[in-house]
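K.L.:
Quick one: the structure is below, and I'll ask about it shortly.
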Amino acid sequence: MNRRIWILIGALATAPMAAWAQDEQQEAKPEMKKVEPVVVTATKIETPPEQVTAAITVIPGEEIRSRHYTNLGDVLRTIPGVEIQRSGSLGKLTSARIRGTGTGQIQVLIDGARVKSTASGGFDFSDISPDLIERIEVLRGPQSTLYGSDAIGGVIHIITKRGSGPPTASLSVEGGSYATHRERLEISGAYERLDYSFFGSAYETGGLFDNDDSRQRAFGGRLGLRLPLDTRLSLIGRYAKTDIDVPIDTTTPRVIRDPDSQQQTESRTLTLQLEQKPIAWWEHRLALHGHWSNTGFQDPFTPGTTDFDDTRSQIDTVRREVEWVHAFRPVPWNTLTLGAEYRHEEASVNSLFAGATTRFTRRLFTTSVFVQDEITILERLILNGGVRYDDNSVFGDEATPRAGAALLIRETGTKLRGGYGEGFRAPTLNDLFFPGFGNPDLRPERSRSWEAGVDQNFWKKRVRLSATYFHNRFRDLIQFVLVGGQFLPVNVGRARTEGVELGAEVDALDWLLLFVNYTFTDTEDLDTGLPLRRFARHRWNFGATAEPIRRLSVFVQGHVVSSQFEGAGVPRNEGYVRFDLGGTYRVFERRGAWPGLETFVRIDNLFDERYAEVQGFRAPGFSALVGVKARY
């Protein structure tokens with residue numbers, strides 16, 4: 001559909017505000033200042049953000065819902081230090097990179113459960129629907145002391161919404177460009193000691209060209225029960241099934257399309273958690289996590305493509321883990337955290353490629369213990385340090401320390417912070433055991449990192465500034481080299497990344513929030529002297545959110561990304577400038593049995609920028625979604 005038509009539809013969706021504007025401007029406008037919640041990712045226990053010594057960003061669930069994100073990647077796109085790259089249209093492989101580290105070096109959690117693939121070590125952010133999210137905590141920098149393997153670059157933690165208050169429900173329907181439509185239902189509430197929240201969602205999109213469709217069905221929920229002795233029992237589950245067409249067969253040396261390859265992914269996550277604070281100076285949490293993933297791929301032989309023959313694969317993975325964390329506060333200025341984990345990981349691969357069949361099933365077992373101590377001196381100086389020990393059934397043991405400090409100067413609204421940490425990324429089951437391509441003698445990749453930063457606020461916290469310098473050095477990186485006439489993964493790589501993260505937020509008016517952040521990332525392969533692939537040197541994010549009248553909220557976001565190195569002798573992937581905007585108009589407020597009703601619109605890539613986040617996979621042009629939502 002023509003872009004101008006969509007702009008007209010968006011205008012019509014919010015047009016009723018003109019009739020109400022004169023009356024609504026007389027009403028009190030709501031405060032838009034951010035309220036900082038406690039965070040749990042940085043210390044494993046609830047901690048005020050000002051006491052965190054590392055760089056952390058919290059994305060509230062209300063922000064996710066008000067901006068009508070269609071995918072989790074766009075939710076994370078505005079965070080400094082984070083780079084999101086999607087291989088084509090909505091629903092395709094979406095990866096995150098933090099401070100020059102790849103997806104394999106970032107830990108991803110849902111309510112504390114690891115959800116990355118045990119076979120490949122990667123994670124596709126398109127497999128998680130942005131539904132029923134209370135908040136997302138993004139902790140940047142090495143975090144292996146608390147989270148073990150794959151936390152070299154940081155941790156992305158998705159925390160689901162807990163039900164509260166009287167029963168509420170919402171139902172939304174939306175549709176738009178590229179034959180896209182989405183439906184969502186959420187129900188939540190509480191009754192006496194029981195709280196509950198559930199969701200179900202579905203989306204489909206037609207993509208950019210033939211064999212580019214994507215479909216997803218997802219549902220999940222959370223049940224909580226309050227018990228005596230300040231005890232809480234929670235059961236949390238999430239399921240998603242994603243079906244995508246895979247239109248690109250290869251991008252080297254030119255893009256070759258495939259008309260019939262497809263992929264299906266099912267993922268299930270289940271957590272049973274007990275939290276208890278029996279006495280004032282001791283609390284603990286016992287959690288049982290399970291994550292199951294099944295991925296199938298089919299690519300029949302097609303003349304004119306690079307298919308050797310029929311290609312099929314089925315990858316089934318499972319992870320079961322137990323975690324027990326204790327926090328002791330013998331005195332108000334000291335918190336000692338102790339934890340233990342046991343993890344069982346398994347992958348089964350069955351593939352057919354070039355007429356050859358490959359089958360294998362392998363398991364890993366990891367036992368871990370960690371300790372972290374935090375001391376607060378005169379309620380101003382915060383010092384923490386810890387160490388973790390991991391014992392793995394294949395690659396052996398690893399010890400990873402970390403230390404951090406923060407100084408609070410409340411008279412000037414200043415926080416100085418810094419830290420040093422070591423991290424590691426364990427070789428995946430594919431790295432170790434894939435027939436013909438695995439190496440069971442691999443060691444973990446290792447890193448040493450440090451950072452220093454300052455957070456500053458003015459004008460009663462209406463102006464918030466931050467600046468961070470980071471430096472990472474990696475060794476024993478796993479790379480494929482020719483060994484005895486065969487390419488095998490070997491610990492031979494070395495690399496360095498460093499950069500600066502700058503950010504500013506301003507509550508310019510009670511109803512107007514402005515933000516801007518900039519990330520500079522310099523990377524180097526220390527063996528070749530070349531930059532690392534697919535890291536933008538410069539990245540800007542900026543935007544505004546406004547509620548000029550009580551019934552209307554609008555937002556605009558801009559993203560500026562510089563070009564990326566793709567390899568020696570390969571043209572650079574060009575940078576891009578992209579603008580997104582949208583808004584919500586609340587037609588009716590909820591009154592008694594009468595539901596509230598709102599209309600909304602989201603427009604991505606407003607000026608139809610032609611670009612590719614991953615070279616060879618063109619990103620969508622101008623696209624719009626218009627919807628309506630009923631709240632009960």
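Following the order of the structure tokens, first chain is A, next is B, and so on, with residues numbered from 1 inside each chain and ligands from 1 in the order they appear.
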Which residues of region 554-631 of chain A come within 7 Å of region 167-174 of chain A, and what is each one's closest atom pair and distance in Å (one decimal), counting only C-alpha atoms, sorted by chain and residue number, as a tab-separated table?
P.N.:
residue	atom	partner	partner_atom	distance
A:Leu625	CA	A:Glu174	CA	6.3
A:Val626	CA	A:Glu174	CA	5.4
A:Gly627	CA	A:Glu174	CA	3.8
A:Val628	CA	A:Ser172	CA	5.6
A:Lys629	CA	A:Ser172	CA	4.1
A:Ala630	CA	A:Leu171	CA	5.3
A:Arg631	CA	A:Ser170	CA	4.3
K.L.:
What would the file look like if the residues just selected were written as a short mmCIF file (atom, residue, chain, number, x, y, z; two decimals), in the first residue's frame with N, CA and C atoms?
P.N.:
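This is the output file part.cif:
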data_model
loop_
_atom_site.label_atom_id
_atom_site.label_comp_id
_atom_site.auth_asym_id
_atom_site.auth_seq_id
_atom_site.Cartn_x
_atom_site.Cartn_y
_atom_site.Cartn_z
N LEU A 625 1.71 0.05 10.96
CA LEU A 625 0.71 -0.79 11.61
C LEU A 625 -0.29 0.11 12.31
N VAL A 626 -1.57 -0.17 12.12
CA VAL A 626 -2.64 0.57 12.78
C VAL A 626 -3.49 -0.43 13.54
N GLY A 627 -3.87 -0.10 14.77
CA GLY A 627 -4.63 -1.05 15.55
C GLY A 627 -5.59 -0.41 16.52
N VAL A 628 -6.35 -1.26 17.18
CA VAL A 628 -7.29 -0.83 18.20
C VAL A 628 -7.15 -1.79 19.38
N LYS A 629 -7.29 -1.24 20.60
CA LYS A 629 -7.12 -2.03 21.80
C LYS A 629 -8.24 -1.74 22.78
N ALA A 630 -8.83 -2.81 23.30
CA ALA A 630 -9.88 -2.69 24.31
C ALA A 630 -9.32 -3.16 25.64
N ARG A 631 -9.59 -2.36 26.71
CA ARG A 631 -9.13 -2.71 28.05
C ARG A 631 -10.34 -2.94 28.95
#
K.L.:
Tell me which protein, DNA and RNA residues are within 10 Å of Pro332 (chain A), counting only C-alpha atoms, leaving out same-chain ones fewer than 2 positions away, and put them as a PyMOL selection string.
P.N.:
chain A and resi 281+329-330+334-335+375-376+379
K.L.:
Rounded to one decimal place, report the CA of Ser553 (chain A)-CA of Leu513 (chain A) distance in Å.
P.N.:
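That distance, rounded to one decimal, is 11.3 Å.
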K.L.:
Compile a residue-level contact table for region 493-525 of chain A against region 563-577 of chain A at a cut-off of 12 Å, reporting for every qualifying residue the shortest atom pair and its distance in Å to one decimal, with only C-alpha atoms counted, rows ordered by chain and ascending number, as CSV.
P.N.:
residue,atom,partner,partner_atom,distance
A:Thr521,CA,A:Gln564,CA,11.1
A:Asp522,CA,A:Gln564,CA,11.2
A:Thr523,CA,A:Phe565,CA,10.2
A:Glu524,CA,A:Phe565,CA,10.9
A:Asp525,CA,A:Gly567,CA,11.3
K.L.:
Got time to write the residues from that selection, N, CA and C atoms, as a short mmCIF file (atom, residue, chain, number, x, y, z; two decimals), in the first residue's frame?
P.N.:
data_model
loop_
_atom_site.label_atom_id
_atom_site.label_comp_id
_atom_site.auth_asym_id
_atom_site.auth_seq_id
_atom_site.Cartn_x
_atom_site.Cartn_y
_atom_site.Cartn_z
N THR A 521 32.49 2.46 19.05
CA THR A 521 33.07 1.14 19.26
C THR A 521 34.22 0.93 18.30
N ASP A 522 35.40 0.71 18.85
CA ASP A 522 36.59 0.44 18.04
C ASP A 522 36.99 -1.01 18.28
N THR A 523 37.10 -1.79 17.21
CA THR A 523 37.42 -3.21 17.33
C THR A 523 38.66 -3.54 16.51
N GLU A 524 39.37 -4.57 16.95
CA GLU A 524 40.57 -4.99 16.21
C GLU A 524 40.83 -6.47 16.43
N ASP A 525 41.02 -7.19 15.32
CA ASP A 525 41.53 -8.55 15.37
C ASP A 525 43.04 -8.43 15.55
#
K.L.:
So that I can see what lies close to region 178-195 of chain A, please list as a PyMOL selection string the residues with an atom at most 7 Å from it, counting only C-alpha atoms and leaving out residues fewer than 5 positions away in the same chain.
P.N.:
chain A and resi 163-173+200-208+223-226
K.L.:
Suppose we keep C-alpha atoms; can you now write the selection as an mmCIF file, in the first residue's frame?
P.N.:
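Below is the file out_37.cif, written as the result:
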data_model
loop_
_atom_site.group_PDB
_atom_site.id
_atom_site.type_symbol
_atom_site.label_atom_id
_atom_site.label_comp_id
_atom_site.auth_asym_id
_atom_site.auth_seq_id
_atom_site.Cartn_x
_atom_site.Cartn_y
_atom_site.Cartn_z
ATOM 1 C CA GLY A 163 -0.544 -9.852 38.311
ATOM 2 C CA SER A 164 -1.977 -7.440 40.885
ATOM 3 C CA GLY A 165 -5.237 -5.747 41.855
ATOM 4 C CA PRO A 166 -8.694 -6.463 40.403
ATOM 5 C CA PRO A 167 -8.975 -8.634 37.281
ATOM 6 C CA THR A 168 -8.071 -6.774 34.076
ATOM 7 C CA ALA A 169 -7.901 -7.819 30.448
ATOM 8 C CA SER A 170 -6.875 -6.289 27.160
ATOM 9 C CA LEU A 171 -7.454 -7.351 23.567
ATOM 10 C CA SER A 172 -5.760 -5.707 20.596
ATOM 11 C CA VAL A 173 -5.923 -6.195 16.834
ATOM 12 C CA GLY A 200 -1.629 -15.155 23.993
ATOM 13 C CA SER A 201 -0.513 -13.576 20.730
ATOM 14 C CA ALA A 202 -0.246 -14.273 17.020
ATOM 15 C CA TYR A 203 1.295 -12.435 14.101
ATOM 16 C CA GLU A 204 1.827 -13.023 10.403
ATOM 17 C CA THR A 205 3.675 -11.022 7.781
ATOM 18 C CA GLY A 206 4.154 -11.464 4.065
ATOM 19 C CA GLY A 207 7.725 -10.204 3.942
ATOM 20 C CA LEU A 208 9.449 -8.321 1.135
ATOM 21 C CA LEU A 223 1.087 -17.730 38.799
ATOM 22 C CA GLY A 224 2.179 -16.535 42.242
ATOM 23 C CA LEU A 225 1.167 -17.636 45.731
ATOM 24 C CA ARG A 226 2.043 -15.793 48.962
#
K.L.:
Do you know which residues are at most 10 Å from Val52 (chain A) counting only C-alpha atoms, after dropping those on the same chain fewer than 5 positions away, and could you put them as a PyMOL selection string?
P.N.:
chain A and resi 39-43+47+139+382-384+404-406+417
K.L.:
When you look at Val481 (chain A) with a cut-off of 12 Å (counting only C-alpha atoms), what residues show up, excluding the ones that are within fewer than 2 positions of it in the same chain? I need them as a PyMOL selection string.
P.N.:
chain A and resi 437-439+477-479+483-493
K.L.:
Could you give me, as a PyMOL selection string, the residues within 6 Å of region 230-245 of chain A, counting only C-alpha atoms and dropping anything in the same chain fewer than 4 positions from it?
P.N.:
chain A and resi 211-226+262-277
K.L.:
Using Å and a single decimal, report how far CA of Leu364 (chain A) sits from CA of Asp476 (chain A).
P.N.:
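If I compute the distance from CA of Asp476 (chain A) to CA of Leu364 (chain A), I get 20.6 Å.
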K.L.:
If I take CA of Pro401 (chain A) and CA of Gly148 (chain A), how far is one from the other in Å, to one decimal?
P.N.:
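Between CA of Pro401 (chain A) and CA of Gly148 (chain A) the gap is 10.5 Å.
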K.L.:
How would you write, as a PyMOL selection string, the set of residues in region 383-446 of chain A that DSSP gives as strand (DSSP E or B)?
P.N.:
chain A and resi 383-392+396-409+414-425+445-446
K.L.:
I need the residues from that last selection saved to file as a compact mmCIF listing (two decimals), in the first residue's frame (with N, CA and C atoms), if you can.
P.N.:
# COMPACT_ATOMS: atom_id res chain seq x y z
N LEU A 383 31.57 -0.75 47.55
CA LEU A 383 32.63 -1.64 47.07
C LEU A 383 32.07 -3.06 46.99
N ASN A 384 32.26 -3.71 45.85
CA ASN A 384 31.84 -5.11 45.77
C ASN A 384 32.86 -5.92 44.99
N GLY A 385 32.90 -7.18 45.28
CA GLY A 385 33.81 -8.09 44.61
C GLY A 385 33.33 -9.51 44.78
N GLY A 386 33.69 -10.35 43.83
CA GLY A 386 33.26 -11.73 43.92
C GLY A 386 34.06 -12.62 42.99
N VAL A 387 33.80 -13.91 43.11
CA VAL A 387 34.45 -14.90 42.26
C VAL A 387 33.51 -16.07 42.06
N ARG A 388 33.64 -16.70 40.90
CA ARG A 388 32.80 -17.85 40.57
C ARG A 388 33.71 -19.00 40.12
N TYR A 389 33.29 -20.20 40.47
CA TYR A 389 34.01 -21.40 40.04
C TYR A 389 33.03 -22.31 39.31
N ASP A 390 33.37 -22.66 38.06
CA ASP A 390 32.55 -23.55 37.23
C ASP A 390 33.33 -24.82 36.94
N ASP A 391 32.70 -25.96 37.11
CA ASP A 391 33.30 -27.25 36.81
C ASP A 391 32.44 -27.92 35.74
N ASN A 392 33.01 -28.06 34.52
CA ASN A 392 32.26 -28.61 33.39
C ASN A 392 32.76 -30.01 33.08
N GLY A 396 36.49 -28.82 31.58
CA GLY A 396 37.19 -28.63 32.85
C GLY A 396 36.64 -27.49 33.67
N ASP A 397 37.51 -26.81 34.44
CA ASP A 397 37.04 -25.80 35.38
C ASP A 397 37.52 -24.41 34.98
N GLU A 398 36.77 -23.40 35.46
CA GLU A 398 37.07 -22.00 35.21
C GLU A 398 36.77 -21.21 36.47
N ALA A 399 37.62 -20.23 36.79
CA ALA A 399 37.38 -19.30 37.89
C ALA A 399 37.36 -17.89 37.31
N THR A 400 36.33 -17.11 37.64
CA THR A 400 36.18 -15.77 37.07
C THR A 400 35.88 -14.76 38.17
N PRO A 401 36.79 -13.82 38.41
CA PRO A 401 36.58 -12.79 39.42
C PRO A 401 36.01 -11.52 38.82
N ARG A 402 35.46 -10.67 39.67
CA ARG A 402 35.02 -9.34 39.29
C ARG A 402 35.05 -8.44 40.52
N ALA A 403 35.38 -7.14 40.30
CA ALA A 403 35.36 -6.15 41.38
C ALA A 403 34.82 -4.84 40.83
N GLY A 404 34.05 -4.12 41.64
CA GLY A 404 33.49 -2.86 41.20
C GLY A 404 33.39 -1.87 42.36
N ALA A 405 33.24 -0.60 42.00
CA ALA A 405 33.11 0.45 43.02
C ALA A 405 32.24 1.57 42.48
N ALA A 406 31.53 2.24 43.39
CA ALA A 406 30.73 3.40 43.03
C ALA A 406 30.80 4.40 44.18
N LEU A 407 30.91 5.68 43.81
CA LEU A 407 30.94 6.76 44.79
C LEU A 407 29.77 7.68 44.53
N LEU A 408 28.91 7.86 45.53
CA LEU A 408 27.72 8.71 45.41
C LEU A 408 28.01 10.07 46.04
N ILE A 409 27.91 11.12 45.24
CA ILE A 409 28.06 12.49 45.73
C ILE A 409 26.68 13.13 45.59
N THR A 414 25.91 13.32 41.62
CA THR A 414 26.95 12.65 40.85
C THR A 414 27.17 11.23 41.35
N LYS A 415 27.38 10.31 40.42
CA LYS A 415 27.78 8.95 40.75
C LYS A 415 28.97 8.57 39.88
N LEU A 416 30.10 8.24 40.52
CA LEU A 416 31.29 7.75 39.83
C LEU A 416 31.32 6.23 40.00
N ARG A 417 31.61 5.52 38.93
CA ARG A 417 31.58 4.06 39.01
C ARG A 417 32.67 3.47 38.13
N GLY A 418 33.07 2.26 38.44
CA GLY A 418 34.07 1.57 37.64
C GLY A 418 34.17 0.12 38.06
N GLY A 419 34.81 -0.68 37.24
CA GLY A 419 34.93 -2.08 37.58
C GLY A 419 35.88 -2.81 36.66
N TYR A 420 36.33 -3.98 37.13
CA TYR A 420 37.18 -4.88 36.37
C TYR A 420 36.58 -6.27 36.49
N GLY A 421 36.60 -7.02 35.39
CA GLY A 421 36.07 -8.37 35.44
C GLY A 421 36.68 -9.26 34.39
N GLU A 422 36.68 -10.54 34.67
CA GLU A 422 37.11 -11.55 33.71
C GLU A 422 35.90 -12.39 33.32
N GLY A 423 35.91 -12.91 32.10
CA GLY A 423 34.78 -13.69 31.62
C GLY A 423 35.24 -14.82 30.73
N PHE A 424 34.30 -15.73 30.44
CA PHE A 424 34.62 -16.81 29.52
C PHE A 424 33.36 -17.23 28.76
N ARG A 425 33.60 -17.78 27.58
CA ARG A 425 32.53 -18.38 26.79
C ARG A 425 32.91 -19.82 26.51
N GLU A 445 36.74 -19.57 25.45
CA GLU A 445 37.24 -18.24 25.13
C GLU A 445 37.31 -17.44 26.44
N ARG A 446 38.27 -16.54 26.54
CA ARG A 446 38.46 -15.79 27.79
C ARG A 446 38.58 -14.30 27.51
K.L.:
Between A:Glu83, A:Thr412, A:Tyr632, A:Asn294, which residue has the minimum interatomic distance to Arg591 (chain A), considering only C-alpha atoms?
P.N.:
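Of A:Glu83, A:Thr412, A:Tyr632, A:Asn294, the one nearest Arg591 (chain A) is A:Tyr632, counting only C-alpha atoms.
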K.L.:
Taking only C-alpha atoms into account, which of A:Phe433, A:Phe588, A:Phe360, A:Phe365 comes nearest Arg343 (chain A)?
P.N.:
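Going through A:Phe433, A:Phe588, A:Phe360, A:Phe365 one by one, the smallest distance to Arg343 (chain A) is for A:Phe365.
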K.L.:
Select, from A:Pro60, A:Phe617, A:Tyr611, A:Trp511, the residue with the minimum atom-to-atom distance to Val560 (chain A), counting only C-alpha atoms.
P.N.:
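Going through A:Pro60, A:Phe617, A:Tyr611, A:Trp511 one by one, the smallest distance to Val560 (chain A) is for A:Tyr611.
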K.L.:
Counting only C-alpha atoms, which residues of region 450-543 of chain A sit at most 12 Å from some atom of region 71-78 of chain A, and what is each one's closest atom pair with its distance in Å to one decimal, listed by chain and rising residue number, as a Markdown table?
P.N.:
| residue | atom | partner | partner_atom | distance |
| --- | --- | --- | --- | --- |
| A:Gly503 | CA | A:Thr78 | CA | 10.6 |
| A:Phe515 | CA | A:Thr78 | CA | 9.8 |
| A:Val516 | CA | A:Thr78 | CA | 9.0 |
| A:Asn517 | CA | A:Thr78 | CA | 8.0 |
| A:Tyr518 | CA | A:Thr78 | CA | 9.7 |
| A:Thr519 | CA | A:Thr78 | CA | 10.6 |
| A:Arg539 | CA | A:Thr78 | CA | 9.7 |
| A:Trp540 | CA | A:Thr78 | CA | 8.5 |
| A:Asn541 | CA | A:Thr78 | CA | 5.7 |
| A:Phe542 | CA | A:Thr78 | CA | 7.8 |
| A:Gly543 | CA | A:Thr78 | CA | 9.4 |
K.L.:
Give me every helix (DSSP H, G or I) residue in region 377-481 of chain A, going by DSSP on the backbone, as a ChimeraX atom specification.
P.N.:
/A:429-433
